[in-house]
>>> print(open('data.cif').read())   # mmCIF, C-alpha atoms
data_entry
#
loop_
_atom_site.label_atom_id
_atom_site.label_comp_id
_atom_site.auth_asym_id
_atom_site.auth_seq_id
_atom_site.Cartn_x
_atom_site.Cartn_y
_atom_site.Cartn_z
CA MET A 1 -70.04 68.46 -222.31
CA GLY A 2 -66.30 69.10 -221.95
CA GLN A 3 -64.90 71.87 -219.80
CA ASN A 4 -63.79 73.98 -222.76
CA GLU A 5 -67.11 73.49 -224.53
CA GLN A 6 -69.00 74.37 -221.38
CA GLY A 7 -66.87 77.47 -220.89
CA ALA A 8 -67.50 78.53 -224.46
CA SER A 9 -71.23 78.03 -223.97
CA GLU A 10 -71.24 80.03 -220.76
CA GLY A 11 -69.11 82.72 -222.40
CA GLY A 12 -71.52 82.95 -225.31
CA SER A 13 -74.47 83.25 -222.96
CA SER A 14 -72.69 85.94 -220.96
CA SER A 15 -71.77 87.80 -224.13
CA LYS A 16 -75.37 87.79 -225.33
CA GLU A 17 -76.55 89.00 -221.94
CA GLU A 18 -74.01 91.84 -222.05
CA GLU A 19 -75.16 92.79 -225.57
CA SER A 20 -78.75 92.83 -224.32
CA LYS A 21 -77.89 95.10 -221.38
CA LYS A 22 -75.89 97.43 -223.62
CA THR A 23 -78.69 97.83 -226.13
CA ASP A 24 -81.13 98.27 -223.26
CA TYR A 25 -79.06 101.25 -222.13
CA GLU A 26 -78.74 102.70 -225.62
CA TYR A 27 -82.47 102.38 -226.31
CA LYS A 28 -83.06 104.52 -223.22
CA MET A 29 -81.75 107.50 -225.19
CA VAL A 30 -84.75 107.35 -227.49
CA GLU A 31 -87.09 106.64 -224.60
CA ASN A 32 -85.81 109.56 -222.52
CA ALA A 33 -86.20 111.87 -225.48
CA ILE A 34 -89.90 111.12 -225.87
CA LEU A 35 -90.60 111.15 -222.14
CA VAL A 36 -90.47 114.91 -221.88
CA SER A 37 -91.32 116.11 -218.37
CA GLU A 38 -93.66 118.78 -219.66
CA LYS A 39 -96.06 119.00 -222.59
CA LYS A 40 -94.01 121.91 -223.94
CA PRO A 41 -90.86 120.36 -225.47
CA ASP A 42 -87.46 121.27 -224.09
CA TRP A 43 -85.80 121.83 -227.45
CA ASN A 44 -82.30 122.11 -226.02
CA SER A 45 -82.59 118.74 -224.27
CA LEU A 46 -84.11 117.15 -227.36
CA THR A 47 -81.20 118.44 -229.45
CA LEU A 48 -78.70 116.92 -227.01
CA ASP A 49 -80.60 113.61 -226.99
CA ALA A 50 -80.58 113.50 -230.77
CA GLU A 51 -76.83 114.18 -230.81
CA LEU A 52 -76.28 111.33 -228.34
CA ILE A 53 -78.28 108.95 -230.52
CA TYR A 54 -76.19 109.99 -233.52
CA SER A 55 -72.92 109.47 -231.65
CA ASP A 56 -73.75 105.92 -230.55
CA TRP A 57 -75.79 104.84 -233.55
CA ALA A 58 -72.78 103.76 -235.64
CA ILE A 59 -71.69 101.28 -232.94
CA LEU A 60 -75.21 100.03 -232.38
CA THR A 61 -75.66 99.60 -236.14
CA LEU A 62 -72.76 97.14 -236.24
CA ASP A 63 -74.32 95.16 -233.40
CA LEU A 64 -77.64 95.03 -235.24
CA TYR A 65 -76.02 93.81 -238.46
CA LYS A 66 -74.31 91.04 -236.49
CA GLN A 67 -77.71 89.90 -235.24
CA ASN A 68 -79.06 89.68 -238.79
CA ILE A 69 -81.64 92.39 -238.24
CA ASP A 70 -83.51 93.33 -241.42
CA ASN A 71 -81.20 95.79 -243.19
CA GLN A 72 -84.13 97.94 -244.27
CA LYS A 73 -85.16 98.39 -240.65
CA ILE A 74 -81.68 99.66 -239.84
CA LEU A 75 -81.53 101.99 -242.83
CA SER A 76 -85.03 103.32 -242.11
CA PHE A 77 -83.94 104.29 -238.61
CA ASN A 78 -81.16 106.39 -240.15
CA VAL A 79 -83.62 108.19 -242.41
CA ASP A 80 -86.08 108.84 -239.58
CA LEU A 81 -83.28 110.04 -237.30
CA ASP A 82 -82.28 112.61 -239.91
CA SER A 83 -85.90 113.72 -240.17
CA LEU A 84 -86.09 114.00 -236.38
CA VAL A 85 -83.09 116.33 -236.22
CA LYS A 86 -84.67 118.52 -238.90
CA ALA A 87 -87.99 118.64 -237.00
CA ILE A 88 -86.21 119.57 -233.77
CA LYS A 89 -84.28 122.35 -235.50
CA GLU A 90 -87.57 123.71 -236.85
CA LYS A 91 -89.18 123.29 -233.40
CA ASN A 92 -92.03 121.38 -234.99
CA LYS A 93 -93.65 119.68 -232.01
CA GLU A 94 -96.09 117.48 -233.93
CA GLN A 95 -93.45 116.10 -236.28
CA THR A 96 -90.92 115.71 -233.46
CA LEU A 97 -93.28 113.64 -231.33
CA GLY A 98 -94.34 111.55 -234.30
CA LEU A 99 -90.76 110.80 -235.29
CA LEU A 100 -89.70 110.01 -231.72
CA ALA A 101 -92.56 107.55 -231.47
CA LYS A 102 -91.58 106.07 -234.84
CA LEU A 103 -87.96 105.66 -233.75
CA TYR A 104 -89.09 103.88 -230.61
CA SER A 105 -91.22 101.49 -232.69
CA TYR A 106 -87.99 99.97 -234.06
CA ILE A 107 -86.88 98.95 -230.58
CA PRO A 108 -89.08 95.84 -230.12
CA VAL A 109 -87.84 94.58 -233.51
CA TYR A 110 -84.20 95.27 -232.70
CA TYR A 111 -84.39 93.87 -229.18
CA ALA A 112 -85.85 90.59 -230.43
CA GLY A 113 -82.57 90.09 -232.29
CA PHE A 114 -80.61 90.23 -229.02
CA SER A 115 -82.94 88.47 -226.64
CA ASN A 116 -85.66 85.83 -226.37
CA ASP A 117 -87.14 87.57 -223.33
CA GLN A 118 -90.77 87.83 -224.45
CA MET A 119 -91.67 89.85 -221.36
CA LYS A 120 -89.21 92.60 -222.30
CA ILE A 121 -90.07 92.46 -226.01
CA ASN A 122 -93.77 92.90 -225.24
CA LEU A 123 -92.95 95.65 -222.73
CA TYR A 124 -91.25 97.58 -225.54
CA LYS A 125 -94.32 96.98 -227.71
CA VAL A 126 -96.60 98.35 -224.98
CA LYS A 127 -94.47 101.47 -224.60
CA SER A 128 -94.23 101.96 -228.37
CA SER A 129 -98.00 101.91 -228.79
CA VAL A 130 -98.57 104.20 -225.80
CA PHE A 131 -95.97 106.64 -227.18
CA ASN A 132 -97.72 106.58 -230.55
CA ALA A 133 -101.04 107.37 -228.88
CA TYR A 134 -99.49 110.33 -227.06
CA ALA A 135 -97.72 111.55 -230.20
CA ILE A 136 -101.00 111.92 -232.10
CA LEU A 137 -102.99 113.32 -229.18
CA GLU A 138 -103.12 116.84 -230.58
CA GLN A 139 -104.34 115.61 -233.97
CA ASN A 140 -107.80 114.95 -232.49
CA ASN A 141 -107.83 111.49 -234.05
CA ASN A 142 -109.54 109.52 -231.30
CA GLU A 143 -110.00 106.40 -233.39
CA GLU A 144 -106.27 106.11 -234.07
CA ILE A 145 -105.47 106.78 -230.40
CA LYS A 146 -107.87 104.01 -229.39
CA LYS A 147 -106.28 101.69 -231.96
CA GLN A 148 -102.81 102.33 -230.55
CA LEU A 149 -103.97 101.76 -226.97
CA GLN A 150 -105.74 98.56 -228.01
CA THR A 151 -102.47 97.34 -229.51
CA ALA A 152 -100.77 98.24 -226.21
CA GLU A 153 -103.37 96.22 -224.30
CA GLU A 154 -102.78 93.17 -226.50
CA ALA A 155 -99.04 93.38 -225.83
CA MET A 156 -99.74 93.82 -222.12
CA LEU A 157 -101.85 90.66 -222.08
CA ALA A 158 -99.01 88.86 -223.86
CA MET A 159 -96.71 90.04 -221.05
CA ILE A 160 -99.04 88.51 -218.51
CA ASN A 161 -99.09 85.23 -220.45
CA HIS A 162 -95.27 85.15 -220.56
CA MET A 163 -94.76 86.09 -216.93
CA GLY A 164 -93.16 82.72 -216.21
CA ASN A 165 -91.04 82.88 -213.04
CA LYS A 166 -91.31 86.66 -212.73
CA GLU A 167 -94.16 86.64 -210.25
CA GLU A 168 -92.40 89.41 -208.34
CA LYS A 169 -93.52 91.72 -211.17
CA GLU A 170 -97.13 90.56 -211.01
CA TYR A 171 -98.32 93.49 -208.87
CA ASN A 172 -96.68 96.09 -211.13
CA ILE A 173 -97.93 94.43 -214.32
CA ASN A 174 -101.49 94.29 -212.99
CA LYS A 175 -101.25 97.91 -211.86
CA ALA A 176 -99.91 98.95 -215.27
CA TYR A 177 -102.79 97.12 -216.94
CA ILE A 178 -105.32 98.98 -214.80
CA LEU A 179 -103.61 102.30 -215.61
CA LEU A 180 -103.70 101.44 -219.31
CA LYS A 181 -107.44 100.71 -219.14
CA ASP A 182 -107.89 103.98 -217.27
CA LEU A 183 -105.99 105.80 -220.02
CA GLN A 184 -108.22 104.20 -222.64
CA ASN A 185 -111.28 105.51 -220.81
CA THR A 186 -110.06 109.11 -221.07
CA VAL A 187 -109.88 109.24 -224.88
CA ASP A 188 -113.52 110.20 -225.48
CA ARG A 189 -113.30 112.99 -222.91
CA ASN A 190 -111.16 114.99 -225.35
CA ASP A 191 -109.20 116.46 -222.45
CA ALA A 192 -105.48 116.52 -223.27
CA ASP A 193 -104.49 117.49 -219.73
CA ILE A 194 -106.22 114.47 -218.15
CA PHE A 195 -104.82 112.17 -220.85
CA TYR A 196 -101.31 113.50 -220.25
CA LEU A 197 -101.49 112.97 -216.48
CA LYS A 198 -102.71 109.40 -216.87
CA TYR A 199 -100.13 108.80 -219.59
CA LYS A 200 -97.33 109.87 -217.23
CA ASN A 201 -98.66 107.60 -214.45
CA LEU A 202 -98.73 104.64 -216.84
CA ILE A 203 -95.22 105.26 -218.18
CA GLU A 204 -93.82 105.58 -214.67
CA GLU A 205 -95.31 102.20 -213.77
CA LEU A 206 -94.04 100.60 -217.00
CA ASP A 207 -90.55 101.87 -216.19
CA ILE A 208 -90.57 99.72 -213.05
CA LEU A 209 -91.02 96.54 -215.09
#
>>> encode(input="data.cif", output="structure tokens")
Amino acid sequence: MGQNEQGASEGGSSSKEEESKKTDYEYKMVENAILVSEKKPDWNSLTLDAELIYSDWAILTLDLYKQNIDNQKILSFNVDLDSLVKAIKEKNKEQTLGLLAKLYSYIPVYYAGFSNDQMKINLYKVKSSVFNAYAILEQNNNEEIKKQLQTAEEAMLAMINHMGNKEEKEYNINKAYILLKDLQNTVDRNDADIFYLKYKNLIEELDIL
């Protein structure tokens, strides 16, 4: 490989890595919005988070189109973001949580267009399913909650299988898996407070990965 060709290759790799880091940062806006510190939503903070997503979404949309992401997935995010803003304005907690979880579910799909990192893709899938379980907690639909947490477990096992040379994360992944199983065991107790505490512990561990 010639010097110029090698430089172009390295530049392309660096550019893709930078795109991945940038989208990582932007996806945090959705994640931070759903990770409310209390069960009672902070509507002011949620409004600001939604405004931030709106302000950066146009730029991110261009990046997604460049990566040949399914156009319908991009357009659907726009529709759901509009619905989220409406739900926040109406202070509708159930709809707000559901829409935040739905917005986050696009992230594993989008991220796969920027990166081949299966560990990170599956991590987003785990979080998405856990968020969905939390979002429907107050609907008293235990079977759907169990289904979402089972999907999270499958993605977690895929993370373990794709650990590769990331053995330094082995302790945290194993701990997160145990916390996920613990969360699954709380569903039939029908105690939202216990579920919420274990949910927060799990998310905090997943954030380390």
>>> residues_around(input="data.cif", residues="region 176-191 of chain A", least_positions_apart="5", cutoff="12 Å", atoms="only C-alpha atoms", output="ChimeraX atom specification")
/A:123,126-127,129-130,133-134,136-160,169-171,196-209
>>> closest_residue(input="data.cif", among="A:Lys89, A:Met163, A:Asn78, A:Leu103", to="Leu48 (chain A)", atoms="all atoms listed in the file")
A:Lys89
>>> atom_distance(input="data.cif", atom1="CA of Ser76 (chain A)", atom2="CA of Lys120 (chain A)")
22.9 Å
>>> atom_distance(input="data.cif", atom1="CA of Leu97 (chain A)", atom2="CA of Ala135 (chain A)")
5.0 Å
>>> resolve_selection(input="data.cif", expression="the PyMOL selection byres ((chain A and resi 80) around 12)", output="list in words")
Ala50, Ile53, Tyr54, Lys73, Ile74, Leu75, Ser76, Phe77, Asn78, Val79, Leu81, Asp82, Ser83, Leu84, Val85, Lys86, Ala87, Gln95, Thr96, Leu97, Gly98, Leu99, Leu100, Ala101, Lys102, Leu103, Tyr104, Ser105 and Tyr106 of chain A
>>> resolve_selection(input="data.cif", expression="the PyMOL selection byres ((chain A and resi 111) around 9)", output="ChimeraX atom specification")
/A:20,23-24,106-110,112-116,120-121,124
>>> axis_aligned_box(input="data.cif", around="region 125-128 of chain A", padding_each_side="6 Å", output="JSON")
{"center_x": -95.4, "center_y": 99.5, "center_z": -226.5, "size_x": 14.4, "size_y": 17.0, "size_z": 15.8}
>>> atom_distance(input="data.cif", atom1="CA of Phe131 (chain A)", atom2="CA of Ala58 (chain A)")
24.9 Å
>>> closest_residue(input="data.cif", among="A:Asn44, A:Asn174, A:Gln67, A:Gln118", to="His162 (chain A)", atoms="only C-alpha atoms")
A:Gln118
>>> closest_residue(input="data.cif", among="A:Asp117, A:Asp49, A:Asp56, A:Asp70", to="Ile88 (chain A)", atoms="only C-alpha atoms")
A:Asp49
